[in-house]
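The file structure_17.txt comes next; it holds compact mmCIF, C-alpha atoms and all ligand atoms.
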```txt
# COMPACT_ATOMS: atom_id res chain seq x y z
CA MET A 1 0.00 0.00 0.00
CA ILE A 2 1.49 3.38 -0.98
CA SER A 3 0.52 6.50 0.92
CA THR A 4 0.17 9.76 -0.98
CA SER A 5 3.63 10.76 0.18
CA GLY A 6 4.98 7.68 -1.60
CA VAL A 7 6.06 5.86 1.55
CA LEU A 8 5.52 2.14 1.45
CA ALA A 9 3.81 0.40 4.32
CA GLY A 10 6.06 -0.54 7.25
CA GLU A 11 5.38 -4.26 6.90
CA GLN A 12 6.35 -4.23 3.22
CA LEU A 13 9.56 -2.41 4.00
CA ARG A 14 10.38 -4.92 6.73
CA GLN A 15 9.75 -7.77 4.27
CA TYR A 16 11.99 -6.13 1.68
CA GLU A 17 14.77 -5.54 4.17
CA LYS A 18 14.61 -9.09 5.52
CA ASN A 19 14.21 -10.99 2.26
CA GLY A 20 15.84 -8.63 -0.24
CA PHE A 21 12.73 -8.45 -2.39
CA LEU A 22 9.06 -7.55 -2.40
CA PHE A 23 6.53 -9.12 -4.77
CA LEU A 24 3.29 -7.28 -5.48
CA ASN A 25 0.68 -9.04 -7.57
CA ASP A 26 -1.05 -6.83 -10.13
CA LEU A 27 0.54 -3.59 -8.91
CA LEU A 28 0.21 -2.02 -12.34
CA ALA A 29 -3.00 -1.79 -14.31
CA GLU A 30 -3.49 -2.51 -17.98
CA LEU A 31 -3.47 1.23 -18.57
CA ASP A 32 0.07 1.57 -17.21
CA LEU A 33 1.29 -0.96 -19.77
CA SER A 34 -0.82 0.17 -22.68
CA GLY A 35 1.45 1.08 -25.55
CA VAL A 36 4.34 -1.05 -24.25
CA TYR A 37 3.00 -4.21 -25.91
CA HIS A 38 2.50 -2.35 -29.18
CA ASP A 39 5.96 -0.75 -29.10
CA ILE A 40 7.68 -4.05 -28.27
CA GLN A 41 6.50 -5.45 -31.60
CA LEU A 42 8.02 -2.48 -33.41
CA LEU A 43 11.25 -2.59 -31.39
CA ALA A 44 11.61 -6.31 -32.06
CA GLY A 45 11.44 -5.53 -35.77
CA ILE A 46 14.28 -3.02 -35.54
CA ARG A 47 16.92 -5.36 -34.06
CA ASP A 48 19.54 -2.64 -33.64
CA GLU A 49 22.84 -2.85 -31.71
CA SER A 50 21.02 -2.81 -28.39
CA THR A 51 19.31 -6.13 -29.19
CA VAL A 52 20.78 -9.38 -27.86
CA VAL A 53 19.72 -12.67 -29.44
CA GLU A 54 19.79 -16.24 -28.15
CA VAL A 55 22.64 -18.40 -29.40
CA GLY A 56 21.34 -20.94 -31.90
CA SER A 57 17.75 -19.86 -32.44
CA GLY A 58 18.46 -16.15 -33.01
CA ALA A 59 15.27 -15.33 -31.06
CA ILE A 60 15.45 -12.00 -29.23
CA ARG A 61 16.77 -12.45 -25.70
CA ALA A 62 16.80 -8.84 -24.59
CA MET A 63 16.29 -5.29 -25.83
CA HIS A 64 17.98 -2.40 -24.05
CA GLY A 65 17.27 1.31 -23.64
CA SER A 66 13.80 1.06 -25.17
CA HIS A 67 12.72 4.10 -23.11
CA LEU A 68 14.97 6.19 -25.36
CA ILE A 69 12.90 5.41 -28.46
CA SER A 70 9.48 4.34 -27.21
CA GLU A 71 7.19 6.86 -25.51
CA ALA A 72 5.26 4.06 -23.82
CA CYS A 73 8.47 2.63 -22.32
CA ASP A 74 9.57 6.11 -21.25
CA ARG A 75 6.18 6.58 -19.57
CA LEU A 76 6.55 3.26 -17.77
CA SER A 77 9.97 4.33 -16.45
CA LYS A 78 8.28 7.41 -14.92
CA ASN A 79 5.33 5.51 -13.43
CA GLU A 80 4.59 7.13 -10.07
CA LYS A 81 3.72 3.84 -8.35
CA LEU A 82 7.07 2.31 -9.27
CA LEU A 83 8.95 5.47 -8.38
CA ALA A 84 7.23 5.82 -5.01
CA TYR A 85 8.33 2.32 -4.02
CA ALA A 86 11.84 2.81 -5.36
CA ARG A 87 12.26 6.09 -3.48
CA SER A 88 10.94 4.75 -0.21
CA ILE A 89 13.08 1.62 -0.36
CA LEU A 90 16.26 3.52 -1.26
CA LYS A 91 15.25 6.49 0.94
CA THR A 92 16.50 9.01 -1.60
CA ASP A 93 15.55 10.46 -4.95
CA VAL A 94 16.19 8.11 -7.83
CA TYR A 95 17.05 8.18 -11.51
CA LEU A 96 16.72 5.54 -14.19
CA TYR A 97 19.95 3.57 -14.54
CA GLN A 98 18.91 0.75 -16.90
CA PHE A 99 15.83 -0.24 -18.87
CA LYS A 100 15.70 -3.68 -20.45
CA ILE A 101 13.08 -6.04 -21.82
CA ASN A 102 13.87 -9.71 -21.39
CA MET A 103 11.86 -11.71 -23.91
CA LYS A 104 12.31 -15.42 -22.85
CA ALA A 105 10.86 -16.66 -26.13
CA PRO A 106 8.68 -19.80 -26.23
CA PHE A 107 10.73 -23.04 -26.49
CA VAL A 108 14.12 -21.29 -26.85
CA GLY A 109 14.39 -18.59 -24.15
CA ALA A 110 17.69 -19.49 -22.47
CA VAL A 111 19.05 -19.63 -18.93
CA TRP A 112 20.15 -16.70 -16.75
CA PRO A 113 22.83 -18.24 -14.51
CA TRP A 114 22.88 -17.43 -10.78
CA HIS A 115 24.29 -13.96 -10.24
CA GLN A 116 24.07 -10.66 -8.39
CA ASP A 117 23.56 -7.44 -10.34
CA PHE A 118 25.62 -5.05 -8.26
CA ILE A 119 28.89 -6.74 -9.26
CA PHE A 120 28.26 -5.72 -12.90
CA TRP A 121 27.43 -2.13 -11.98
CA HIS A 122 30.42 -1.96 -9.63
CA HIS A 123 33.06 -3.46 -11.92
CA GLU A 124 31.75 -2.31 -15.28
CA ASP A 125 30.40 1.15 -14.39
CA GLY A 126 32.16 2.12 -11.14
CA MET A 127 28.98 2.27 -9.04
CA GLU A 128 30.18 2.55 -5.46
CA GLU A 129 27.34 1.30 -3.27
CA PRO A 130 24.54 -1.28 -3.83
CA ASN A 131 22.01 1.53 -3.51
CA ALA A 132 20.14 0.75 -6.71
CA ILE A 133 16.98 -1.31 -7.00
CA ASN A 134 15.61 -3.57 -9.71
CA VAL A 135 11.95 -3.36 -10.57
CA VAL A 136 10.67 -6.30 -12.60
CA VAL A 137 7.36 -5.72 -14.38
CA PHE A 138 5.63 -8.81 -15.78
CA LEU A 139 4.24 -8.32 -19.27
CA ASP A 140 3.00 -11.89 -19.67
CA GLN A 141 1.46 -14.34 -17.23
CA VAL A 142 4.51 -15.77 -15.44
CA THR A 143 4.05 -19.42 -14.45
CA GLU A 144 6.21 -22.29 -13.25
CA PHE A 145 6.56 -23.31 -16.88
CA ASN A 146 7.83 -20.31 -18.82
CA GLY A 147 11.08 -19.58 -17.00
CA PRO A 148 10.14 -17.48 -13.95
CA MET A 149 12.92 -15.71 -12.11
CA TYR A 150 14.37 -17.64 -9.17
CA LEU A 151 15.33 -15.57 -6.10
CA ILE A 152 17.21 -16.66 -3.00
CA PRO A 153 15.58 -14.83 -0.07
CA GLN A 154 18.01 -13.09 2.32
CA SER A 155 21.00 -13.65 0.02
CA HIS A 156 21.41 -9.87 -0.34
CA ALA A 157 22.72 -9.84 3.24
CA SER A 158 25.89 -11.65 2.08
CA GLY A 159 27.14 -8.55 0.26
CA LEU A 160 29.25 -9.02 -2.84
CA ILE A 161 30.10 -12.68 -3.38
CA GLU A 162 33.36 -13.65 -5.10
CA PRO A 163 32.24 -14.84 -8.56
CA ILE A 164 33.53 -17.82 -10.53
CA SER A 165 35.81 -16.67 -13.27
CA ILE A 166 34.36 -17.35 -16.68
CA ALA A 167 37.01 -17.77 -19.40
CA SER A 168 36.80 -14.77 -21.69
CA GLN A 169 35.85 -15.60 -25.21
CA SER A 170 37.22 -13.74 -28.18
CA THR A 171 34.32 -14.41 -30.52
CA GLU A 172 32.51 -11.14 -29.82
CA GLU A 173 32.82 -8.32 -32.28
CA GLU A 174 34.75 -5.17 -31.33
CA GLY A 175 33.02 -2.93 -28.77
CA SER A 176 30.44 -5.52 -27.73
CA ASP A 177 32.11 -6.67 -24.47
CA TRP A 178 28.93 -5.63 -22.66
CA LYS A 179 27.08 -8.58 -24.22
CA LYS A 180 28.80 -10.87 -21.69
CA ASP A 181 26.89 -8.89 -19.04
CA VAL A 182 23.56 -10.10 -20.41
CA SER A 183 24.25 -13.38 -22.22
CA ALA A 184 23.59 -16.95 -21.10
CA ASP A 185 27.32 -17.28 -20.28
CA LEU A 186 27.21 -14.35 -17.94
CA LYS A 187 30.53 -12.76 -16.96
CA TYR A 188 30.10 -12.87 -13.16
CA GLN A 189 28.37 -15.98 -11.81
CA ILE A 190 27.90 -17.26 -8.25
CA PRO A 191 29.86 -20.44 -7.43
CA GLN A 192 27.66 -23.52 -6.99
CA HIS A 193 28.73 -24.13 -3.39
CA MET A 194 27.58 -20.62 -2.47
CA VAL A 195 24.23 -21.11 -4.22
CA PHE A 196 23.83 -24.30 -2.20
CA GLU A 197 24.66 -22.62 1.12
CA LEU A 198 22.43 -19.64 0.47
CA ALA A 199 19.51 -21.81 -0.71
CA GLU A 200 19.85 -24.01 2.38
CA ALA A 201 19.55 -20.89 4.54
CA GLY A 202 16.91 -18.90 2.65
CA GLY A 203 15.23 -21.32 0.23
CA ILE A 204 14.43 -20.46 -3.38
CA VAL A 205 11.30 -18.66 -4.53
CA ALA A 206 9.88 -18.09 -8.00
CA PRO A 207 7.28 -15.30 -7.92
CA LYS A 208 4.46 -16.03 -10.35
CA GLY A 209 1.58 -13.80 -11.43
CA GLY A 210 -0.25 -11.95 -14.14
CA PRO A 211 0.78 -9.00 -16.29
CA GLY A 212 1.33 -5.91 -14.15
CA SER A 213 2.75 -7.88 -11.21
CA VAL A 214 6.00 -6.39 -9.93
CA ILE A 215 9.09 -7.62 -8.08
CA PHE A 216 11.31 -5.07 -6.35
CA PHE A 217 14.68 -6.61 -5.56
CA HIS A 218 17.97 -5.62 -3.97
CA SER A 219 21.15 -5.18 -6.07
CA ASN A 220 22.91 -7.95 -4.15
CA LEU A 221 20.09 -10.51 -4.20
CA VAL A 222 21.23 -13.78 -5.81
CA HIS A 223 18.93 -14.64 -8.72
CA GLY A 224 18.70 -16.40 -12.07
CA SER A 225 16.20 -18.23 -14.24
CA ALA A 226 15.79 -21.53 -16.09
CA PRO A 227 15.23 -21.95 -19.84
CA ASN A 228 11.72 -21.55 -21.21
CA ILE A 229 10.72 -24.81 -22.87
CA SER A 230 7.02 -23.95 -22.67
CA PRO A 231 5.06 -22.75 -25.69
CA TYR A 232 4.44 -19.40 -23.95
CA ALA A 233 6.59 -16.27 -23.90
CA ARG A 234 7.77 -14.80 -20.59
CA ARG A 235 8.38 -11.14 -21.29
CA ILE A 236 9.42 -8.87 -18.42
CA VAL A 237 10.69 -5.32 -18.20
CA ILE A 238 13.51 -4.73 -15.74
CA LEU A 239 13.91 -1.12 -14.69
CA THR A 240 16.85 -0.28 -12.50
CA TYR A 241 16.66 2.87 -10.41
CA ASN A 242 19.79 4.20 -8.77
CA SER A 243 19.98 6.58 -5.85
CA THR A 244 20.86 10.12 -6.92
CA SER A 245 23.58 10.03 -4.25
CA ASN A 246 25.19 6.96 -5.85
CA VAL A 247 25.92 8.18 -9.39
CA PRO A 248 29.08 6.47 -10.69
CA PRO A 249 31.95 8.85 -11.43
CA GLN A 250 31.85 9.85 -15.10
CA THR A 251 35.40 8.73 -15.81
CA GLY A 252 37.10 5.92 -17.67
CA ARG A 253 35.42 3.30 -19.83
CA ARG A 254 31.68 3.70 -20.27
CA ARG A 255 29.16 1.10 -21.35
CA PRO A 256 26.84 2.17 -24.19
CA GLY A 257 24.09 4.71 -23.37
CA PHE A 258 21.34 2.26 -24.32
CA LEU A 259 22.64 -0.12 -21.62
CA VAL A 260 23.42 2.38 -18.87
CA ASN A 261 21.82 5.82 -18.95
CA ALA A 262 24.40 8.53 -19.56
CA THR A 263 22.41 11.08 -17.58
CA ALA A 264 21.30 10.95 -13.96
CA THR A 265 18.18 13.09 -14.09
CA PRO A 266 16.11 12.66 -10.87
CA LEU A 267 12.60 11.35 -11.52
C1 LIG A 301 18.37 -10.70 -15.05
O1 LIG A 301 18.83 -11.22 -14.07
O2 LIG A 301 18.75 -9.57 -15.38
C2 LIG A 301 17.32 -11.36 -15.90
C3 LIG A 301 16.75 -12.61 -15.42
C4 LIG A 301 15.64 -13.10 -16.29
O3 LIG A 301 15.23 -12.45 -17.26
O4 LIG A 301 15.13 -14.18 -16.00
MN MN A 302 20.19 -9.87 -12.95
```
Could you quickly redo this structure as structure tokens?
Amino acid sequence: MISTSGVLAGEQLRQYEKNGFLFLNDLLAELDLSGVYHDIQLLAGIRDESTVVEVGSGAIRAMHGSHLISEACDRLSKNEKLLAYARSILKTDVYLYQFKINMKAPFVGAVWPWHQDFIFWHHEDGMEEPNAINVVVFLDQVTEFNGPMYLIPQSHASGLIEPISIASQSTEEEGSDWKKDVSADLKYQIPQHMVFELAEAGGIVAPKGGPGSVIFFHSNLVHGSAPNISPYARRIVILTYNSTSNVPPQTGRRRPGFLVNATATPL
């Protein structure tokens, strides 16, 4: 429940702080998503450099920075319900850090190995603190069959976990290093023994629900997802909001603007 001042209910905040995530069924209405479905079809037809495809099938895995070209996606990124939660969880003003649409195509949508997100933002972008939040908006009905996200409750409390080192591959074209940050052979993955320990302590959950359901989750929460062998798509939008007091220094190597917003305009 959001009050008019945008402060989330105490019990929800306690849940978020304890478990590292908060799942709200049907938070958004059809109206909030209207236009997004339409624009996704158009964006999928463009297949520009911000599009990542699945190895083998060539189906679209993810599209990045859609808010920069789609008004409906831009509107979603400024949705007051999402922003009110993000601000009250992070306790500061926020700006949009990343906007991506993960498509998990029927039959061929591939795995997302176990990982934490903050390690990417820290190592690749220089973000100093895990004071950003992921907001996952379901576009399709998410079931046990179409590759729901798996979350390990309370794993955010472990802080940054030393990842397994994935051998770097030299098959990528010049300037596309960032694709290892979103591919099925993800650059920073959690070692299996750590996944085991964390799952023994906190369990594993897979939030399921209809379009408009939303997961808010902590930057250090361990998560992943299984392949989608069902005949149904599992499309989600992941919006990342960063605290305005946690803007990475604008120096050194920068990932493309469609992947990480170049500006930090408070919303
Ligand atoms: C992610 O961790 O960024 C995506 C996971 C998914 O789409 O299942
Ligand atoms: Mn992730």
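For the atom pair formed by CA of Gly109 (chain A) and CA of Ser183 (chain A), the distance is 11.3 Å, given to one decimal.
Minimum distance to Glu71 (chain A) across A:Pro231, A:Gly35, A:Gly56, A:Gly45 (counting only C-alpha atoms) occurs at A:Gly35.
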Give as a ChimeraX atom specification each residue that has an atom at most 6 Å from (22.0, -9.5, -2.2) in the file, counting only C-alpha atoms. /A:155-157,159,218-222
Kindly work out which residues sit at most 8 Å from ligand LIG 301 (chain A), using all atoms listed in the file, and give the list as a list in words. Asn102, Met103, Lys104, Val111, Trp112, His115, Gln116, Asp117, Gly147, Pro148, Met149, Tyr150, Val182, His223, Gly224, Ser225, Ala226, Ile236 and Ile238 of chain A
May I ask which of the residues A:Gln41, A:Asn25, A:Ser213, A:Gln189 is the closest one to ligand MN 302 (chain A), counting only C-alpha atoms and all ligand atoms?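 For ligand MN 302 (chain A), the nearest of the given residues is A:Gln189.
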Neighbouring residues of region 38-40 of chain A were defined as those with any atom within 10 Å, considering only C-alpha atoms; residues of the same chain fewer than 5 positions away were excluded. Please report them as an MDAnalysis selection string. chainID A and resid 33 45:46 63 66 69:73 101 103 235
State, in Å with one decimal place, the distance from CA of Glu17 (chain A) to CA of Arg234 (chain A).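 So the two atoms, CA of Glu17 (chain A) and CA of Arg234 (chain A), lie 27.3 Å apart.
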For a quick check of your reading of the model, name the residues lying within 6 Å of the coordinate (21.3, 3.0, -14.4), counting all atoms listed in the file, and write them as a list in words. Leu96, Tyr97, Gln98, Thr240, Asn242, Val260 and Asn261 of chain A
Would you mind putting N, CA and C atoms back on region 178-192 of chain A and writing the result as a PDB file, keeping the file's coordinate frame?
```pdb
ATOM      1  N   TRP A 178      30.078  -5.716 -23.573  1.00  0.00           N
ATOM      2  CA  TRP A 178      28.930  -5.630 -22.660  1.00  0.00           C
ATOM      3  C   TRP A 178      27.975  -6.797 -22.844  1.00  0.00           C
ATOM      4  N   LYS A 179      28.033  -7.478 -23.995  1.00  0.00           N
ATOM      5  CA  LYS A 179      27.080  -8.580 -24.220  1.00  0.00           C
ATOM      6  C   LYS A 179      27.301  -9.728 -23.245  1.00  0.00           C
ATOM      7  N   LYS A 180      28.535  -9.835 -22.712  1.00  0.00           N
ATOM      8  CA  LYS A 180      28.800 -10.870 -21.690  1.00  0.00           C
ATOM      9  C   LYS A 180      28.106 -10.519 -20.360  1.00  0.00           C
ATOM     10  N   ASP A 181      27.595  -9.297 -20.263  1.00  0.00           N
ATOM     11  CA  ASP A 181      26.890  -8.890 -19.040  1.00  0.00           C
ATOM     12  C   ASP A 181      25.419  -9.290 -19.101  1.00  0.00           C
ATOM     13  N   VAL A 182      24.987  -9.787 -20.243  1.00  0.00           N
ATOM     14  CA  VAL A 182      23.560 -10.100 -20.410  1.00  0.00           C
ATOM     15  C   VAL A 182      23.324 -11.411 -21.157  1.00  0.00           C
ATOM     16  N   SER A 183      24.406 -12.162 -21.430  1.00  0.00           N
ATOM     17  CA  SER A 183      24.250 -13.380 -22.220  1.00  0.00           C
ATOM     18  C   SER A 183      24.069 -14.591 -21.299  1.00  0.00           C
ATOM     19  N   ALA A 184      23.797 -15.753 -21.903  1.00  0.00           N
ATOM     20  CA  ALA A 184      23.590 -16.950 -21.100  1.00  0.00           C
ATOM     21  C   ALA A 184      24.898 -17.430 -20.466  1.00  0.00           C
ATOM     22  N   ASP A 185      26.062 -16.956 -20.974  1.00  0.00           N
ATOM     23  CA  ASP A 185      27.320 -17.280 -20.280  1.00  0.00           C
ATOM     24  C   ASP A 185      27.848 -16.033 -19.564  1.00  0.00           C
ATOM     25  N   LEU A 186      27.009 -15.573 -18.715  1.00  0.00           N
ATOM     26  CA  LEU A 186      27.210 -14.350 -17.940  1.00  0.00           C
ATOM     27  C   LEU A 186      28.623 -14.228 -17.356  1.00  0.00           C
ATOM     28  N   LYS A 187      29.151 -13.002 -17.390  1.00  0.00           N
ATOM     29  CA  LYS A 187      30.530 -12.760 -16.960  1.00  0.00           C
ATOM     30  C   LYS A 187      30.800 -13.061 -15.476  1.00  0.00           C
ATOM     31  N   TYR A 188      29.892 -12.641 -14.596  1.00  0.00           N
ATOM     32  CA  TYR A 188      30.100 -12.870 -13.160  1.00  0.00           C
ATOM     33  C   TYR A 188      29.002 -13.781 -12.616  1.00  0.00           C
ATOM     34  N   GLN A 189      29.363 -15.020 -12.301  1.00  0.00           N
ATOM     35  CA  GLN A 189      28.370 -15.980 -11.810  1.00  0.00           C
ATOM     36  C   GLN A 189      28.721 -16.425 -10.396  1.00  0.00           C
ATOM     37  N   ILE A 190      27.696 -16.826  -9.645  1.00  0.00           N
ATOM     38  CA  ILE A 190      27.900 -17.260  -8.250  1.00  0.00           C
ATOM     39  C   ILE A 190      28.354 -18.718  -8.248  1.00  0.00           C
ATOM     40  N   PRO A 191      29.416 -19.048  -7.493  1.00  0.00           N
ATOM     41  CA  PRO A 191      29.860 -20.440  -7.430  1.00  0.00           C
ATOM     42  C   PRO A 191      28.758 -21.361  -6.879  1.00  0.00           C
ATOM     43  N   GLN A 192      28.731 -22.581  -7.373  1.00  0.00           N
ATOM     44  CA  GLN A 192      27.660 -23.520  -6.990  1.00  0.00           C
ATOM     45  C   GLN A 192      27.600 -23.760  -5.492  1.00  0.00           C
TER      46      GLN A 192
END
```
